[in-house]
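Notes follow the structure.
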Amino acid sequence: MCSENGQQLIKNAIKEHNLTAIVVGACSPRMHEATFRKAAEAAGLNPYMVEIANIREHCSWIHKDMDEATEKAVVLVRTAIAKVKLNAPLTAGESPVAKRALVIGGGIAGIQAALDIADAGFEVDIVEKNATIGGRMAQLDKTFPTLDCSACILTPKMVDCAQHEKIEILSYSEVEEVKGFVGNFNVKIRKKARFVDETKCTGCKICMEKCPSKKGLNDFNMGLNTRPAIYIPFAQAIPNVAVIDPEQCIKMKTGKCGICQKFCGVGAIDYTQQDQFVERQYGAIVVATGFKPIALDNFNEYGYADNKDVITSLELERLMNAAGPSNGVLVRPSDGEHPKVITFIQCVGSRDTSGCGKPYCSKICCMYTAKHAMLIREKYPDTEVHVFYIDVRTPGKNYDEFYRRAAEQYGVDYIKGMVGKVYNENGKLMVQGSNLIDNEQITIESDLVVLATAIEPEPSVRKIATLLTASIDTNNFLTESHAKLRPVESPTAGVYLAGVCQGPKDIPETVSQASACAAKVIGLLVKDKLKTNACVATPDEMMCNGCSQCANVCAYGAITYADKEFRVAGKTEVRRVASVNPAVCQGCGACTVTCPSGAMDLKGFSSKQIMSEVEAICKM
């Protein structure tokens with residue numbers, strides 16, 4: 001029925017029979033309600049006089065018995081008929097569109113989305129919780145499958161963001177509150193205190209050199225070395241502004257020291273700085289909160305907590321990076337010696353149905369392990385490299401050739417099998433596992449063990465999902481509106497998803513998704529007005545007792561209260577009653593179920609309409 005021929009049948013039937021309402025027995029209203037409403041409107045029928053009976057997802061897809069499914073389909077159609085008899089023609093209103101976009105997250109996904117939106121002429125704010133934009137990509141050394149320098153392709157985009165006249169970077173900031181709806185989101189942003197004035201700091205790093213407290217773990221280098229209490233995360237940081245760690249700073253803990261302030265030539269240090277709040281209005285929001293490697297607390301068999309020479313792949317990235325803790329020289333963290341035998345263990349926490357890890361494939365691990373193995377063999381030909389794997393997955397352009405090059409050209413020893421235990425024996429790491437090809441148990445004496453850990457969404461994504469009323473799955477990935485047809489849109493109108501917050505993906509796929517989000521945002525922001533939902537709440541003032549419960553649950557701030565005069569039994573009385581702003585109301589129905597007096601109803605889904613559906617079912 002959603003095909004061109006099907007829609008034409010509907011249009012012809014409306015005109016031929018002079019129909020006042022129609023019921024379509026088809027798929028989910030969420031999928032094609034707009035399609036059928038447009039068809040009805042084109043034939044001269046009010047679009048809100050259309051009802052859809054979902055006989056696909058609710059019936060044919062879930063029943064194996066044809067007779068039972070048919071009987072249920074009849075019931076579903078009858079309930080839709082009962083409801084449409086009580087439908088009334090509705091008219092959608094209009095609301096203006098704020099010509100500004102918010103991007104939450106300053107990794108490569110957020111950067112790409114912001115640049116594309118800004119290049120179209122719209123203002124964009126990037127909110128990044130860390131002190132610099134760049135995200136996880138800034139921590140990488142090389143990128144697959146081209147093996148080009150990660151910083152070389154990322155930092156120019158970071159600079160473009162900083163210099164773009166339409167982009168404002170709100171680093172070291174977090175979103176605190178989101179109200180409103182598509183086209184008119186009101187967002188409160190917390191700018192955390194850096195204790196350094198961004199407008200004055202020149203990034204000279206003298207304060208870092210003079211700071212006496214230098215024992216803080218360097219988060220950018222995955223804790224493999226230390227940093228001073230006042231620091232710039234890395235050399236190419238944007239903004240290139242220092243930040244003070246108050247938990248490490250001697251001045252802020254004891255009131256003494258203050259050396260950085262004394263040596264700051266521009267007077268940028270301010271120990272009294274407080275968090276600030278910024279409130280702005282946005283037409284659209286892009287979520288690009290990124291990922292983190294999973295914690296290894298549940299994987300004691302690999303000895304990560306007990307052995308310094310058991311590291312994660314991201315820690316290896318920092319060890320191999322020229323700006324890393326060992327200046328690009330690959331060494332063992334325990335003693336600084338060059339490792340001669342390195343063993344990689346794949347799928348640590350990925351494809352794990354035991355409950356310790358994640359049930360999904362993290363998608364990037366096979367490729368970055370092949371990358372690491374090739375780089376090590378190229379730079380240190382005398383180093384043995386072994387890789388334990390379950391399956392090698394290379395889903396991308398030229399990815400399989402990349403993996404084969406690691407195994408065939410660089411001589412990387414791929415072992416199909418799982419590792420049961422990693423333990424220390426006489427100063428060596430013993431990797432005990434199975435070789436399924438040769439059907440034997442093996443133990444490899446290694447100097448360094450690298451764990452290809454699963455990735456998961458940033459923990460902050462749960463808070464963001466709550467603020468945006470966005471859907472989230474059991475693995476904390478944000479859910480797209482439709483997996484095939486609307487892969488970058490959230491079910492919440494005006495909210496778009498880019499990067500690993502939506503699911504595991506590599507850099508090229510992330511950049512593509514970010515640009516897709518930007519295209520959707522631009523398509524929204526070019527409009528001056530949007531049609532509002534006609535199915536809005538409406539109060540019965542005679543029944544309203546002014547309790548404010550509906551206003552308390554309204555996520556959009558659409559309900560207000562005012563005193564109003566009423567004539568009752570010949571007398572005038574003033575009562576406090578609810579009022580709904582139809583331009584703001586999104587028809588969620590929360591107020592209707594909350595109202596204790598039954599005064600609040602929803603157009604298109606009134607209590608009478610719902611009860612008529614229930615009665616139609618009961619009569620069967």
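Each chain of the structure tokens is named A, B, ... in the order shown, its residues numbered from 1; ligands are numbered from 1 in display order.
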I'd like to know which residues of segment 221-271 of chain A are helix (DSSP H, G or I) (by DSSP, run on the backbone); could you write them as a VMD selection string?
chain A and resid 250 to 254 259 to 263
Selection near Asp335 of chain A, 12 Å with only C-alpha atoms, sequence-local residues under 5 positions removed, as a ChimeraX atom specification
/A:307-309,326,330,427,447-448
Write to file, as a tab-separated table (two decimals), in the first residue's frame, the residues of the selection just made, with all heavy atoms.
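For reference, out.tsv as written:
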```
chain	number	residue	atom	x	y	z
A	307	ASN	N	50.72	-7.44	36.01
A	307	ASN	CA	51.95	-7.33	35.22
A	307	ASN	C	51.96	-6.04	34.41
A	307	ASN	O	51.05	-5.81	33.60
A	307	ASN	CB	52.07	-8.53	34.27
A	307	ASN	CG	52.13	-9.86	35.01
A	307	ASN	OD1	53.11	-10.17	35.67
A	307	ASN	ND2	51.06	-10.64	34.89
A	308	LYS	N	52.97	-5.22	34.61
A	308	LYS	CA	53.08	-3.96	33.87
A	308	LYS	C	53.27	-4.19	32.38
A	308	LYS	O	52.96	-3.32	31.56
A	308	LYS	CB	54.24	-3.13	34.41
A	308	LYS	CG	54.00	-2.53	35.78
A	308	LYS	CD	55.16	-1.63	36.18
A	308	LYS	CE	54.88	-0.95	37.52
A	308	LYS	NZ	56.00	-0.05	37.92
A	309	ASP	N	53.79	-5.38	32.02
A	309	ASP	CA	54.06	-5.66	30.62
A	309	ASP	C	52.88	-6.28	29.89
A	309	ASP	O	53.01	-6.71	28.74
A	309	ASP	CB	55.29	-6.56	30.49
A	309	ASP	CG	56.56	-5.88	31.00
A	309	ASP	OD1	56.61	-4.64	30.93
A	309	ASP	OD2	57.47	-6.57	31.48
A	326	SER	N	57.61	7.22	25.79
A	326	SER	CA	58.96	6.73	25.51
A	326	SER	C	59.51	7.32	24.22
A	326	SER	O	60.45	6.77	23.63
A	326	SER	CB	58.95	5.20	25.43
A	326	SER	OG	58.02	4.75	24.45
A	330	LEU	N	59.69	1.64	21.26
A	330	LEU	CA	58.88	0.59	21.87
A	330	LEU	C	59.66	-0.10	22.97
A	330	LEU	O	60.68	-0.76	22.71
A	330	LEU	CB	58.45	-0.43	20.82
A	330	LEU	CG	57.55	-1.57	21.30
A	330	LEU	CD1	56.29	-1.03	21.94
A	330	LEU	CD2	57.21	-2.52	20.16
A	427	GLY	N	60.40	-13.90	35.36
A	427	GLY	CA	60.54	-12.62	34.68
A	427	GLY	C	60.01	-12.59	33.27
A	427	GLY	O	60.12	-11.57	32.58
A	447	ASP	N	57.77	-11.19	25.96
A	447	ASP	CA	58.27	-10.03	26.70
A	447	ASP	C	57.18	-8.98	26.91
A	447	ASP	O	57.23	-8.20	27.86
A	447	ASP	CB	59.43	-9.38	25.93
A	447	ASP	CG	60.61	-10.31	25.77
A	447	ASP	OD1	60.98	-10.96	26.77
A	447	ASP	OD2	61.13	-10.41	24.66
A	448	LEU	N	56.21	-8.97	26.00
A	448	LEU	CA	55.13	-7.99	26.06
A	448	LEU	C	53.85	-8.65	25.55
A	448	LEU	O	53.87	-9.35	24.53
A	448	LEU	CB	55.47	-6.77	25.20
A	448	LEU	CG	54.55	-5.55	25.29
A	448	LEU	CD1	54.66	-4.89	26.66
A	448	LEU	CD2	54.89	-4.54	24.19
```
I'd like the neighbourhood of segment 12-15 of chain A as a ChimeraX atom specification, where a residue qualifies if any of its atoms comes within 9 Å (using only C-alpha atoms), though same-chain residues fewer than 3 positions away should be ignored.
/A:7-9,18-22,40,43-45
Could those selected residues go to a file with N, CA, C and O atoms, as a PDB file, in the first residue's frame?
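Dumped everything to selection-v9.pdb:
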```pdb
ATOM      1  N   GLN A   7      -0.722   3.897  -3.122  1.00  0.00           N
ATOM      2  CA  GLN A   7      -1.166   5.246  -2.743  1.00  0.00           C
ATOM      3  C   GLN A   7      -2.200   5.787  -3.732  1.00  0.00           C
ATOM      4  O   GLN A   7      -3.136   6.484  -3.341  1.00  0.00           O
ATOM      5  N   GLN A   8      -2.013   5.455  -4.998  1.00  0.00           N
ATOM      6  CA  GLN A   8      -2.960   5.921  -5.999  1.00  0.00           C
ATOM      7  C   GLN A   8      -4.335   5.285  -5.793  1.00  0.00           C
ATOM      8  O   GLN A   8      -5.373   5.928  -5.984  1.00  0.00           O
ATOM      9  N   LEU A   9      -4.345   4.013  -5.357  1.00  0.00           N
ATOM     10  CA  LEU A   9      -5.608   3.346  -5.030  1.00  0.00           C
ATOM     11  C   LEU A   9      -6.342   4.104  -3.932  1.00  0.00           C
ATOM     12  O   LEU A   9      -7.561   4.310  -3.996  1.00  0.00           O
ATOM     13  N   ASN A  18     -16.050   9.691  -2.019  1.00  0.00           N
ATOM     14  CA  ASN A  18     -16.198  10.870  -1.169  1.00  0.00           C
ATOM     15  C   ASN A  18     -15.992  10.506   0.305  1.00  0.00           C
ATOM     16  O   ASN A  18     -16.810  10.831   1.173  1.00  0.00           O
ATOM     17  N   LEU A  19     -14.893   9.823   0.583  1.00  0.00           N
ATOM     18  CA  LEU A  19     -14.616   9.304   1.926  1.00  0.00           C
ATOM     19  C   LEU A  19     -14.297  10.429   2.898  1.00  0.00           C
ATOM     20  O   LEU A  19     -13.685  11.439   2.532  1.00  0.00           O
ATOM     21  N   THR A  20     -14.715  10.242   4.148  1.00  0.00           N
ATOM     22  CA  THR A  20     -14.413  11.220   5.206  1.00  0.00           C
ATOM     23  C   THR A  20     -13.308  10.740   6.130  1.00  0.00           C
ATOM     24  O   THR A  20     -12.806  11.500   6.957  1.00  0.00           O
ATOM     25  N   ALA A  21     -12.933   9.464   6.007  1.00  0.00           N
ATOM     26  CA  ALA A  21     -11.843   8.909   6.812  1.00  0.00           C
ATOM     27  C   ALA A  21     -11.412   7.596   6.164  1.00  0.00           C
ATOM     28  O   ALA A  21     -12.197   6.960   5.450  1.00  0.00           O
ATOM     29  N   ILE A  22     -10.159   7.193   6.418  1.00  0.00           N
ATOM     30  CA  ILE A  22      -9.691   5.913   5.887  1.00  0.00           C
ATOM     31  C   ILE A  22      -8.905   5.148   6.935  1.00  0.00           C
ATOM     32  O   ILE A  22      -8.288   5.741   7.833  1.00  0.00           O
ATOM     33  N   ALA A  40      -3.496  10.987   1.574  1.00  0.00           N
ATOM     34  CA  ALA A  40      -4.855  11.439   1.884  1.00  0.00           C
ATOM     35  C   ALA A  40      -4.997  12.934   1.659  1.00  0.00           C
ATOM     36  O   ALA A  40      -6.001  13.415   1.095  1.00  0.00           O
ATOM     37  N   ALA A  43      -5.449  13.936  -1.830  1.00  0.00           N
ATOM     38  CA  ALA A  43      -6.782  13.656  -2.374  1.00  0.00           C
ATOM     39  C   ALA A  43      -7.848  14.542  -1.756  1.00  0.00           C
ATOM     40  O   ALA A  43      -9.050  14.358  -2.020  1.00  0.00           O
ATOM     41  N   GLY A  44      -7.443  15.512  -0.917  1.00  0.00           N
ATOM     42  CA  GLY A  44      -8.392  16.456  -0.343  1.00  0.00           C
ATOM     43  C   GLY A  44      -8.948  16.062   1.002  1.00  0.00           C
ATOM     44  O   GLY A  44      -9.878  16.701   1.501  1.00  0.00           O
ATOM     45  N   LEU A  45      -8.378  15.017   1.620  1.00  0.00           N
ATOM     46  CA  LEU A  45      -8.846  14.564   2.935  1.00  0.00           C
ATOM     47  C   LEU A  45      -7.905  15.074   4.019  1.00  0.00           C
ATOM     48  O   LEU A  45      -6.684  15.087   3.838  1.00  0.00           O
TER      49      LEU A  45
END
```
Need the shell around segment 139-149 of chain A: protein/DNA/RNA residues with any atom at most 7 Å away, counting only C-alpha atoms. Skip same-chain ones fewer than 5 positions apart. Format as a ChimeraX atom specification?
/A:220,317-318,320-321,367-368,371,399,402
Quick one: everything within 12 Å of segment 484-489 of chain A, counting only C-alpha atoms, minus sequence neighbours fewer than 2 positions away in the same chain. Send it as a PyMOL selection string.
chain A and resi 30-32+113+284-288+470-471+478-482+491-503+509-510+512-521
Neighbours of segment 154-158 of chain A within 9 Å (only C-alpha atoms; same-chain residues fewer than 2 positions away dropped), as a list in words?
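Listed by chain and then number, they are Ile108, Ile111, Gln112, Leu115, Ile133, Gly134, Met137, Ala138, Cys149, Ser150, Ala151, Cys152, Asp160, Cys161, Ala162, Gln163, Gln236, Ala237 and Ile238 of chain A.
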Take the selection from the previous step and output its residues with all heavy atoms, as a short mmCIF file (atom, residue, chain, number, x, y, z; two decimals), in the first residue's frame.
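Writing the result to result_8.cif gives the following:
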```cif
data_model
loop_
_atom_site.label_atom_id
_atom_site.label_comp_id
_atom_site.auth_asym_id
_atom_site.auth_seq_id
_atom_site.Cartn_x
_atom_site.Cartn_y
_atom_site.Cartn_z
N ILE A 108 36.70 13.13 16.15
CA ILE A 108 36.68 13.31 14.70
C ILE A 108 35.24 13.39 14.18
O ILE A 108 34.97 14.11 13.23
CB ILE A 108 37.48 12.19 14.00
CG1 ILE A 108 37.55 12.41 12.48
CG2 ILE A 108 36.90 10.82 14.31
CD1 ILE A 108 38.19 13.71 12.08
N ILE A 111 33.98 16.93 15.05
CA ILE A 111 34.72 17.91 14.25
C ILE A 111 34.20 17.94 12.81
O ILE A 111 33.95 19.01 12.24
CB ILE A 111 36.23 17.59 14.28
CG1 ILE A 111 36.82 17.91 15.68
CG2 ILE A 111 36.99 18.36 13.21
CD1 ILE A 111 38.23 17.42 15.88
N GLN A 112 34.05 16.74 12.21
CA GLN A 112 33.60 16.68 10.83
C GLN A 112 32.18 17.22 10.68
O GLN A 112 31.90 17.99 9.75
CB GLN A 112 33.65 15.22 10.33
CG GLN A 112 33.30 15.05 8.86
CD GLN A 112 34.31 15.72 7.94
OE1 GLN A 112 35.51 15.54 8.10
NE2 GLN A 112 33.83 16.50 6.99
N LEU A 115 32.26 21.08 11.03
CA LEU A 115 32.84 21.75 9.86
C LEU A 115 31.86 21.77 8.68
O LEU A 115 31.70 22.79 8.00
CB LEU A 115 34.14 21.06 9.44
CG LEU A 115 35.36 21.35 10.32
CD1 LEU A 115 36.52 20.44 9.93
CD2 LEU A 115 35.79 22.81 10.21
N ILE A 133 39.75 19.40 22.03
CA ILE A 133 39.05 18.56 21.07
C ILE A 133 40.07 17.58 20.47
O ILE A 133 41.26 17.68 20.71
CB ILE A 133 38.37 19.39 19.96
CG1 ILE A 133 39.40 20.22 19.18
CG2 ILE A 133 37.31 20.29 20.57
CD1 ILE A 133 38.83 20.93 17.98
N GLY A 134 39.60 16.64 19.70
CA GLY A 134 40.50 15.64 19.09
C GLY A 134 40.07 14.22 19.39
O GLY A 134 40.24 13.32 18.58
N MET A 137 41.01 9.77 18.44
CA MET A 137 41.88 9.77 17.26
C MET A 137 43.19 10.50 17.54
O MET A 137 44.23 10.17 16.96
CB MET A 137 41.16 10.39 16.07
CG MET A 137 41.91 10.23 14.76
SD MET A 137 40.96 10.85 13.36
CE MET A 137 42.20 10.73 12.06
N ALA A 138 43.15 11.50 18.42
CA ALA A 138 44.36 12.25 18.75
C ALA A 138 45.38 11.38 19.48
O ALA A 138 46.58 11.69 19.49
CB ALA A 138 44.00 13.46 19.62
N CYS A 149 49.86 9.11 9.30
CA CYS A 149 49.94 9.65 10.66
C CYS A 149 48.59 10.20 11.09
O CYS A 149 48.00 11.03 10.39
CB CYS A 149 51.01 10.74 10.69
SG CYS A 149 51.02 11.73 12.19
N SER A 150 48.11 9.74 12.22
CA SER A 150 46.81 10.17 12.71
C SER A 150 46.78 11.68 12.97
O SER A 150 45.84 12.36 12.56
CB SER A 150 46.46 9.41 14.00
OG SER A 150 45.21 9.82 14.50
N ALA A 151 47.81 12.18 13.63
CA ALA A 151 47.85 13.61 13.95
C ALA A 151 47.92 14.46 12.68
O ALA A 151 47.36 15.56 12.62
CB ALA A 151 49.05 13.91 14.84
N CYS A 152 48.58 13.92 11.63
CA CYS A 152 48.75 14.69 10.40
C CYS A 152 47.42 14.95 9.69
O CYS A 152 47.28 15.95 8.98
CB CYS A 152 49.70 13.97 9.45
SG CYS A 152 51.39 13.84 10.08
N ASP A 160 41.14 23.99 11.71
CA ASP A 160 40.03 24.55 10.92
C ASP A 160 38.84 24.90 11.82
O ASP A 160 38.19 25.93 11.64
CB ASP A 160 39.59 23.56 9.85
CG ASP A 160 40.59 23.45 8.71
OD1 ASP A 160 41.48 24.32 8.63
OD2 ASP A 160 40.48 22.49 7.92
N CYS A 161 38.56 24.01 12.78
CA CYS A 161 37.47 24.28 13.74
C CYS A 161 37.75 25.53 14.54
O CYS A 161 36.87 26.37 14.73
CB CYS A 161 37.30 23.08 14.68
SG CYS A 161 36.20 21.80 14.08
N ALA A 162 38.96 25.63 15.05
CA ALA A 162 39.33 26.77 15.90
C ALA A 162 39.27 28.08 15.13
O ALA A 162 38.94 29.13 15.70
CB ALA A 162 40.71 26.56 16.49
N GLN A 163 39.58 28.05 13.84
CA GLN A 163 39.67 29.29 13.06
C GLN A 163 38.39 29.61 12.30
O GLN A 163 38.27 30.70 11.74
CB GLN A 163 40.84 29.18 12.07
CG GLN A 163 42.20 29.08 12.76
CD GLN A 163 43.35 28.97 11.77
OE1 GLN A 163 43.14 28.75 10.57
NE2 GLN A 163 44.57 29.10 12.26
N GLN A 236 49.55 19.58 20.25
CA GLN A 236 48.68 20.20 19.24
C GLN A 236 47.27 20.46 19.77
O GLN A 236 46.32 20.59 18.99
CB GLN A 236 48.59 19.31 18.00
CG GLN A 236 49.90 19.12 17.26
CD GLN A 236 50.75 18.00 17.86
OE1 GLN A 236 50.27 17.19 18.63
NE2 GLN A 236 52.02 17.99 17.52
N ALA A 237 47.11 20.54 21.08
CA ALA A 237 45.78 20.69 21.68
C ALA A 237 45.08 21.95 21.19
O ALA A 237 45.71 22.99 20.96
CB ALA A 237 45.90 20.72 23.21
N ILE A 238 43.77 21.82 20.97
CA ILE A 238 42.92 22.94 20.59
C ILE A 238 41.74 22.98 21.56
O ILE A 238 40.99 22.02 21.64
CB ILE A 238 42.38 22.80 19.15
CG1 ILE A 238 43.53 22.77 18.13
CG2 ILE A 238 41.40 23.92 18.84
CD1 ILE A 238 44.25 24.06 17.96
#
```
Please identify all polymer residues within 10 Å of segment 403-407 of chain A, counting only C-alpha atoms, omitting same-chain residues fewer than 4 positions from it, and present them as a list in words.
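Everything that qualifies: Pro145, Cys366, Met367, Tyr368, Thr369, Ala370, Lys371, His372, Ala373, Met374, Leu375, Arg377, Val387, Val392, Arg393, Thr394, Asn398, Tyr399, Gly411, Val412, Asp413 and Tyr414 of chain A.
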Please extract the residues of segment 466-556 of chain A with a backbone DSSP assignment of strand (DSSP E or B) and present them as a PyMOL selection string.
chain A and resi 472+478+482+486+489+495-497+529-531+537-539
Using only C-alpha atoms, find the one residue out of A:Trp61, A:Phe477, A:Tyr380, A:Tyr423 that sits nearest to Val331 of chain A.
A:Tyr380
So the first atom is atom CA of Lys397 of chain A and the second is atom CA of Tyr410 of chain A; what is the distance between them in Å, to one decimal place?
20.4 Å
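If you measure from each of A:Gly6, A:Gly290, A:Gly255, A:Pro582 to Thr538 of chain A using only C-alpha atoms, the closest one turns out to be A:Pro582.
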What does the distance from atom CA of Val461 of chain A to atom CA of Pro359 of chain A come to in Å, to one decimal?
19.0 Å
Min atom-atom distance to Arg462 of chain A from the set A:Ser612, A:Thr289, A:Ser95, A:Ser350, counting only C-alpha atoms, belongs to A:Thr289
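The closest residue to Gly105 of chain A, picked from A:Val310, A:Ala131, A:Leu451, A:Leu76 and counting only C-alpha atoms, is A:Ala131.
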Proximity to Pro47 of chain A - best of A:Ser597, A:Val159, A:Cys347, A:Cys535, only C-alpha atoms:
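Of A:Ser597, A:Val159, A:Cys347, A:Cys535, the one nearest Pro47 of chain A is A:Cys535, counting only C-alpha atoms.
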As an exercise, work out the distance from atom CA of Val187 of chain A to atom CA of Leu524 of chain A in Å and give it to one decimal place.
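Between atom CA of Val187 of chain A and atom CA of Leu524 of chain A the gap works out to 18.0 Å.
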Proximity to Ile189 of chain A - best of A:Glu615, A:Asn475, A:Leu102, A:Lys292, only C-alpha atoms
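Among the listed residues, A:Leu102 lies closest to Ile189 of chain A.
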